[in-house]
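K.L.:
query21.cif (mmCIF, C-alpha atoms) pasted underneath:
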data_data
loop_
_atom_site.group_PDB
_atom_site.id
_atom_site.type_symbol
_atom_site.label_atom_id
_atom_site.label_comp_id
_atom_site.auth_asym_id
_atom_site.auth_seq_id
_atom_site.Cartn_x
_atom_site.Cartn_y
_atom_site.Cartn_z
ATOM 1 C CA MET A 122 0.000 0.000 0.000
ATOM 2 C CA VAL A 123 1.336 3.404 -0.981
ATOM 3 C CA GLY A 124 1.495 5.955 1.810
ATOM 4 C CA LYS A 125 0.810 9.680 1.541
ATOM 5 C CA LYS A 126 4.525 10.515 1.422
ATOM 6 C CA GLU A 127 5.135 8.186 -1.552
ATOM 7 C CA LYS A 128 2.068 9.511 -3.411
ATOM 8 C CA LYS A 129 3.269 13.092 -2.928
ATOM 9 C CA GLU A 130 6.791 12.148 -4.074
ATOM 10 C CA ASN A 131 5.370 10.308 -7.115
ATOM 11 C CA LYS A 132 3.274 13.349 -8.092
ATOM 12 C CA GLU A 133 6.339 15.578 -7.800
ATOM 13 C CA ILE A 134 8.362 13.227 -10.029
ATOM 14 C CA LEU A 135 5.443 12.994 -12.475
ATOM 15 C CA GLN A 136 5.216 16.805 -12.675
ATOM 16 C CA LYS A 137 9.000 17.088 -13.048
ATOM 17 C CA SER A 138 8.861 14.537 -15.890
ATOM 18 C CA ILE A 139 6.057 16.438 -17.638
ATOM 19 C CA ASN A 140 8.037 19.686 -17.381
ATOM 20 C CA HIS A 141 11.074 17.911 -18.878
ATOM 21 C CA LEU A 142 8.986 16.543 -21.771
ATOM 22 C CA GLU A 143 7.423 19.949 -22.471
ATOM 23 C CA THR A 144 10.865 21.584 -22.669
ATOM 24 C CA THR A 145 12.099 18.894 -25.078
ATOM 25 C CA GLY A 146 9.273 19.511 -27.548
ATOM 26 C CA PHE A 147 6.570 16.997 -26.637
ATOM 27 C CA THR A 148 2.920 18.007 -27.111
ATOM 28 C CA ASP A 149 -0.520 16.535 -26.343
ATOM 29 C CA ILE A 150 0.740 15.291 -22.966
ATOM 30 C CA LYS A 151 -1.597 12.997 -21.043
ATOM 31 C CA ALA A 152 -1.009 12.104 -17.385
ATOM 32 C CA PRO A 153 -3.055 11.162 -14.305
ATOM 33 C CA LEU A 154 -2.789 14.647 -12.815
ATOM 34 C CA PRO A 155 -5.329 17.464 -12.475
ATOM 35 C CA GLY A 156 -5.410 19.549 -15.654
ATOM 36 C CA TYR A 157 -4.350 16.652 -17.893
ATOM 37 C CA GLU A 158 -6.340 13.991 -19.681
ATOM 38 C CA SER A 159 -5.600 10.432 -18.514
ATOM 39 C CA PRO A 160 -3.526 8.173 -20.802
ATOM 40 C CA LYS A 161 -5.189 5.264 -22.586
ATOM 41 C CA THR A 162 -5.490 1.979 -20.686
ATOM 42 C CA PHE A 163 -4.513 -1.348 -22.261
ATOM 43 C CA ILE A 164 -5.624 -4.785 -21.107
ATOM 44 C CA GLY A 165 -3.303 -7.800 -21.274
ATOM 45 C CA LYS A 166 -5.112 -10.690 -22.980
ATOM 46 C CA SER A 167 -3.459 -13.509 -21.043
ATOM 47 C CA SER A 168 -3.494 -11.886 -17.601
ATOM 48 C CA GLY A 169 -6.440 -9.504 -17.920
ATOM 49 C CA MET A 170 -4.279 -6.908 -16.165
ATOM 50 C CA GLU A 171 -5.137 -3.283 -16.925
ATOM 51 C CA VAL A 172 -2.080 -1.223 -17.796
ATOM 52 C CA ALA A 173 -1.724 2.475 -18.499
ATOM 53 C CA ALA A 174 1.445 4.412 -19.194
ATOM 54 C CA ASP A 175 2.245 7.063 -16.603
ATOM 55 C CA ILE A 176 2.539 9.670 -19.372
ATOM 56 C CA SER A 177 1.754 9.673 -23.080
ATOM 57 C CA ALA A 178 2.782 12.433 -25.468
ATOM 58 C CA LYS A 179 3.422 13.235 -29.115
ATOM 59 C CA LYS A 180 6.502 14.535 -30.880
ATOM 60 C CA ASN A 181 7.119 14.847 -34.622
ATOM 61 C CA GLY A 182 3.862 13.006 -35.389
ATOM 62 C CA ARG A 183 4.847 9.939 -33.329
ATOM 63 C CA LYS A 184 3.229 8.838 -30.085
ATOM 64 C CA TYR A 185 5.378 8.058 -27.064
ATOM 65 C CA PHE A 186 4.507 6.138 -23.905
ATOM 66 C CA PHE A 187 6.498 6.909 -20.764
ATOM 67 C CA ASP A 188 6.632 4.936 -17.540
ATOM 68 C CA ILE A 189 8.234 6.301 -14.404
ATOM 69 C CA SER A 190 10.488 3.745 -12.743
ATOM 70 C CA LEU A 191 10.806 3.878 -8.969
ATOM 71 C CA LYS A 192 12.090 1.166 -6.629
ATOM 72 C CA SER A 193 9.255 -1.202 -5.839
ATOM 73 C CA ASP A 194 8.518 -4.545 -4.225
ATOM 74 C CA LYS A 195 6.094 -5.366 -7.070
ATOM 75 C CA VAL A 196 8.842 -6.283 -9.542
ATOM 76 C CA VAL A 197 6.850 -8.930 -11.435
ATOM 77 C CA LYS A 198 3.958 -6.532 -12.042
ATOM 78 C CA LEU A 199 6.353 -3.793 -13.187
ATOM 79 C CA LYS A 200 8.081 -6.175 -15.631
ATOM 80 C CA SER A 201 4.714 -7.224 -17.083
ATOM 81 C CA LYS A 202 3.661 -3.599 -17.452
ATOM 82 C CA TRP A 203 6.861 -2.660 -19.298
ATOM 83 C CA LEU A 204 6.665 -5.662 -21.623
ATOM 84 C CA LEU A 205 3.019 -4.948 -22.471
ATOM 85 C CA LEU A 206 3.654 -1.232 -23.094
ATOM 86 C CA ASP A 207 6.729 -2.013 -25.199
ATOM 87 C CA THR A 208 4.783 -4.558 -27.279
ATOM 88 C CA VAL A 209 1.832 -2.196 -27.840
ATOM 89 C CA ALA A 210 4.207 0.617 -28.796
ATOM 90 C CA ARG A 211 6.074 -1.541 -31.318
ATOM 91 C CA LEU A 212 2.857 -2.913 -32.850
ATOM 92 C CA ARG A 213 1.624 0.601 -33.517
ATOM 93 C CA SER A 214 5.013 2.052 -34.557
ATOM 94 C CA ASN A 215 5.075 4.173 -31.423
ATOM 95 C CA ARG A 216 7.846 4.537 -28.858
ATOM 96 C CA PHE A 217 8.126 3.398 -25.234
ATOM 97 C CA LYS A 218 10.565 5.093 -22.864
ATOM 98 C CA ILE A 219 11.403 4.746 -19.178
ATOM 99 C CA ILE A 220 11.879 7.798 -16.957
ATOM 100 C CA THR A 221 13.776 7.481 -13.696
ATOM 101 C CA THR A 222 15.314 9.709 -11.100
ATOM 102 C CA ARG A 223 18.336 9.755 -8.842
ATOM 103 C CA GLY A 224 18.437 6.787 -6.497
ATOM 104 C CA HIS A 225 16.355 4.579 -8.791
ATOM 105 C CA PHE A 226 18.665 4.326 -11.815
ATOM 106 C CA LYS A 227 20.461 1.053 -10.925
ATOM 107 C CA PHE A 228 17.160 -0.618 -9.996
ATOM 108 C CA THR A 229 15.761 0.459 -13.375
ATOM 109 C CA THR A 230 18.732 -0.677 -15.483
ATOM 110 C CA ASP A 231 18.879 -4.047 -13.684
ATOM 111 C CA LEU A 232 15.153 -4.579 -14.268
ATOM 112 C CA LEU A 233 15.472 -3.646 -17.955
ATOM 113 C CA LYS A 234 18.224 -6.280 -18.333
ATOM 114 C CA GLU A 235 16.043 -8.894 -16.632
ATOM 115 C CA VAL A 236 13.172 -8.369 -19.087
ATOM 116 C CA ASN A 237 15.561 -8.162 -22.048
ATOM 117 C CA LEU A 238 14.926 -4.481 -22.810
ATOM 118 C CA GLN A 239 18.595 -3.432 -22.606
ATOM 119 C CA ASN A 240 18.135 -1.261 -25.691
ATOM 120 C CA LYS A 241 16.045 1.119 -23.550
ATOM 121 C CA THR A 242 18.137 3.862 -21.991
ATOM 122 C CA PRO A 243 16.271 5.410 -19.063
ATOM 123 C CA ILE A 244 15.691 9.152 -19.194
ATOM 124 C CA ARG A 245 17.105 10.784 -16.058
ATOM 125 C CA VAL A 246 14.979 13.559 -14.584
#
Produce structure tokens that represent the structure in this file.

P.N.:
Amino acid sequence: MVGKKEKKENKEILQKSINHLETTGFTDIKAPLPGYESPKTFIGKSSGMEVAADISAKKNGRKYFFDISLKSDKVVKLKSKWLLLDTVARLRSNRFKIITTRGHFKFTTDLLKEVNLQNKTPIRV
């Protein structure tokens, strides 16, 4: 269960990520924050798990899905989410990127290696 402190920290990182994306030229940003439309939700056929990217945005006519990586005990769920988002992005010729912050970078890179997504370089915010 996520406490109030973690939720507040997650919102701050989410807002920081959105600001970073806006300054790098992304438009039509969708995020689960007040003032933004929520990103589209996908459902895994085998598991029935509902998955939504933390942020979705457009740049140069291409859609991007972003997931914020923070240390978590729910590693299996996070791996499934990344694999599903990566698959959906590739099927639709979109892009999937991982955003992380200081203190979470090693956790993120190790997890990417475990799910065989080493070609993904996390964006540091």

K.L.:
Kindly give the distance, in Å, that separates atom CA of A:Phe187 and atom CA of A:Phe228, rounded to a single decimal.

P.N.:
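Computing the Euclidean distance for atom CA of A:Phe187 and atom CA of A:Phe228 yields 16.9 Å.
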
K.L.:
Give the answer as one residue: which of A:Lys241, A:His141, A:Lys179, A:Lys184 has the shortest atom-to-atom distance to A:Val209, using only C-alpha atoms?

P.N.:
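Of A:Lys241, A:His141, A:Lys179, A:Lys184, the one nearest A:Val209 is A:Lys184, counting only C-alpha atoms.
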
K.L.:
Could you expand the PyMOL selection byres ((chain A and resi 166-173) around 10) into the explicit residues it covers here, written as a PyMOL selection string?

P.N.:
chain A and resi 152-153+159-165+174-177+186-188+198-199+201-203+205-206

K.L.:
Skipping near chain neighbours, those fewer than 4 positions away, what residues fall within 9 Å of A:Phe226 using only C-alpha atoms, listed as a ChimeraX atom specification?

P.N.:
/A:190-192,221-222,230-231,243,245

K.L.:
Starting from the shown file, work through the PyMOL selection byres ((chain A and resi 145) around 12) and note down what comes out as a list of chain:residue names.

P.N.:
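Checking the PyMOL selection byres ((chain A and resi 145) around 12) against this file, the residues are A:Ser138, A:Ile139, A:Asn140, A:His141, A:Leu142, A:Glu143, A:Thr144, A:Gly146, A:Phe147, A:Thr148, A:Ala178, A:Lys179, A:Lys180, A:Asn181, A:Ile244.
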
K.L.:
Could you state the separation of atom CA of A:Thr208 and atom CA of A:Ile220 in Å, given to one decimal place?

P.N.:
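We find that atom CA of A:Thr208 and atom CA of A:Ile220 lie 17.6 Å from each other.
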
K.L.:
Please determine, counting all atoms listed in the file, which residue among A:Asp149, A:Glu235, A:Glu158, A:Glu133 has the shortest atom-to-atom distance to A:Tyr185.

P.N.:
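The closest residue to A:Tyr185 is A:Asp149.
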
K.L.:
Find the distance between atom CA of A:Val197 and atom CA of A:Pro155 and write it in Å to one decimal.

P.N.:
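Answer for the atom CA of A:Val197 to atom CA of A:Pro155 separation: 29.1 Å.
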
K.L.:
Between A:Phe217, A:His225, A:Lys195, A:Lys137, which has the minimum distance to A:Arg183 (counting only C-alpha atoms)?

P.N.:
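Of the candidates, the smallest distance to A:Arg183 is held by A:Phe217.
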
K.L.:
Could you write stretch 131-238 of chain A of the block just shown to a file containing C-alpha atoms, as a tab-separated table (two decimals), in the first residue's frame?

P.N.:
chain	number	residue	atom	x	y	z
A	131	ASN	CA	5.37	10.31	-7.12
A	132	LYS	CA	3.27	13.35	-8.09
A	133	GLU	CA	6.34	15.58	-7.80
A	134	ILE	CA	8.36	13.23	-10.03
A	135	LEU	CA	5.44	12.99	-12.48
A	136	GLN	CA	5.22	16.81	-12.67
A	137	LYS	CA	9.00	17.09	-13.05
A	138	SER	CA	8.86	14.54	-15.89
A	139	ILE	CA	6.06	16.44	-17.64
A	140	ASN	CA	8.04	19.69	-17.38
A	141	HIS	CA	11.07	17.91	-18.88
A	142	LEU	CA	8.99	16.54	-21.77
A	143	GLU	CA	7.42	19.95	-22.47
A	144	THR	CA	10.86	21.58	-22.67
A	145	THR	CA	12.10	18.89	-25.08
A	146	GLY	CA	9.27	19.51	-27.55
A	147	PHE	CA	6.57	17.00	-26.64
A	148	THR	CA	2.92	18.01	-27.11
A	149	ASP	CA	-0.52	16.53	-26.34
A	150	ILE	CA	0.74	15.29	-22.97
A	151	LYS	CA	-1.60	13.00	-21.04
A	152	ALA	CA	-1.01	12.10	-17.38
A	153	PRO	CA	-3.05	11.16	-14.30
A	154	LEU	CA	-2.79	14.65	-12.82
A	155	PRO	CA	-5.33	17.46	-12.47
A	156	GLY	CA	-5.41	19.55	-15.65
A	157	TYR	CA	-4.35	16.65	-17.89
A	158	GLU	CA	-6.34	13.99	-19.68
A	159	SER	CA	-5.60	10.43	-18.51
A	160	PRO	CA	-3.53	8.17	-20.80
A	161	LYS	CA	-5.19	5.26	-22.59
A	162	THR	CA	-5.49	1.98	-20.69
A	163	PHE	CA	-4.51	-1.35	-22.26
A	164	ILE	CA	-5.62	-4.78	-21.11
A	165	GLY	CA	-3.30	-7.80	-21.27
A	166	LYS	CA	-5.11	-10.69	-22.98
A	167	SER	CA	-3.46	-13.51	-21.04
A	168	SER	CA	-3.49	-11.89	-17.60
A	169	GLY	CA	-6.44	-9.50	-17.92
A	170	MET	CA	-4.28	-6.91	-16.16
A	171	GLU	CA	-5.14	-3.28	-16.93
A	172	VAL	CA	-2.08	-1.22	-17.80
A	173	ALA	CA	-1.72	2.47	-18.50
A	174	ALA	CA	1.45	4.41	-19.19
A	175	ASP	CA	2.25	7.06	-16.60
A	176	ILE	CA	2.54	9.67	-19.37
A	177	SER	CA	1.75	9.67	-23.08
A	178	ALA	CA	2.78	12.43	-25.47
A	179	LYS	CA	3.42	13.24	-29.12
A	180	LYS	CA	6.50	14.54	-30.88
A	181	ASN	CA	7.12	14.85	-34.62
A	182	GLY	CA	3.86	13.01	-35.39
A	183	ARG	CA	4.85	9.94	-33.33
A	184	LYS	CA	3.23	8.84	-30.09
A	185	TYR	CA	5.38	8.06	-27.06
A	186	PHE	CA	4.51	6.14	-23.91
A	187	PHE	CA	6.50	6.91	-20.76
A	188	ASP	CA	6.63	4.94	-17.54
A	189	ILE	CA	8.23	6.30	-14.40
A	190	SER	CA	10.49	3.75	-12.74
A	191	LEU	CA	10.81	3.88	-8.97
A	192	LYS	CA	12.09	1.17	-6.63
A	193	SER	CA	9.26	-1.20	-5.84
A	194	ASP	CA	8.52	-4.55	-4.23
A	195	LYS	CA	6.09	-5.37	-7.07
A	196	VAL	CA	8.84	-6.28	-9.54
A	197	VAL	CA	6.85	-8.93	-11.44
A	198	LYS	CA	3.96	-6.53	-12.04
A	199	LEU	CA	6.35	-3.79	-13.19
A	200	LYS	CA	8.08	-6.18	-15.63
A	201	SER	CA	4.71	-7.22	-17.08
A	202	LYS	CA	3.66	-3.60	-17.45
A	203	TRP	CA	6.86	-2.66	-19.30
A	204	LEU	CA	6.67	-5.66	-21.62
A	205	LEU	CA	3.02	-4.95	-22.47
A	206	LEU	CA	3.65	-1.23	-23.09
A	207	ASP	CA	6.73	-2.01	-25.20
A	208	THR	CA	4.78	-4.56	-27.28
A	209	VAL	CA	1.83	-2.20	-27.84
A	210	ALA	CA	4.21	0.62	-28.80
A	211	ARG	CA	6.07	-1.54	-31.32
A	212	LEU	CA	2.86	-2.91	-32.85
A	213	ARG	CA	1.62	0.60	-33.52
A	214	SER	CA	5.01	2.05	-34.56
A	215	ASN	CA	5.07	4.17	-31.42
A	216	ARG	CA	7.85	4.54	-28.86
A	217	PHE	CA	8.13	3.40	-25.23
A	218	LYS	CA	10.56	5.09	-22.86
A	219	ILE	CA	11.40	4.75	-19.18
A	220	ILE	CA	11.88	7.80	-16.96
A	221	THR	CA	13.78	7.48	-13.70
A	222	THR	CA	15.31	9.71	-11.10
A	223	ARG	CA	18.34	9.75	-8.84
A	224	GLY	CA	18.44	6.79	-6.50
A	225	HIS	CA	16.36	4.58	-8.79
A	226	PHE	CA	18.67	4.33	-11.81
A	227	LYS	CA	20.46	1.05	-10.92
A	228	PHE	CA	17.16	-0.62	-10.00
A	229	THR	CA	15.76	0.46	-13.38
A	230	THR	CA	18.73	-0.68	-15.48
A	231	ASP	CA	18.88	-4.05	-13.68
A	232	LEU	CA	15.15	-4.58	-14.27
A	233	LEU	CA	15.47	-3.65	-17.95
A	234	LYS	CA	18.22	-6.28	-18.33
A	235	GLU	CA	16.04	-8.89	-16.63
A	236	VAL	CA	13.17	-8.37	-19.09
A	237	ASN	CA	15.56	-8.16	-22.05
A	238	LEU	CA	14.93	-4.48	-22.81
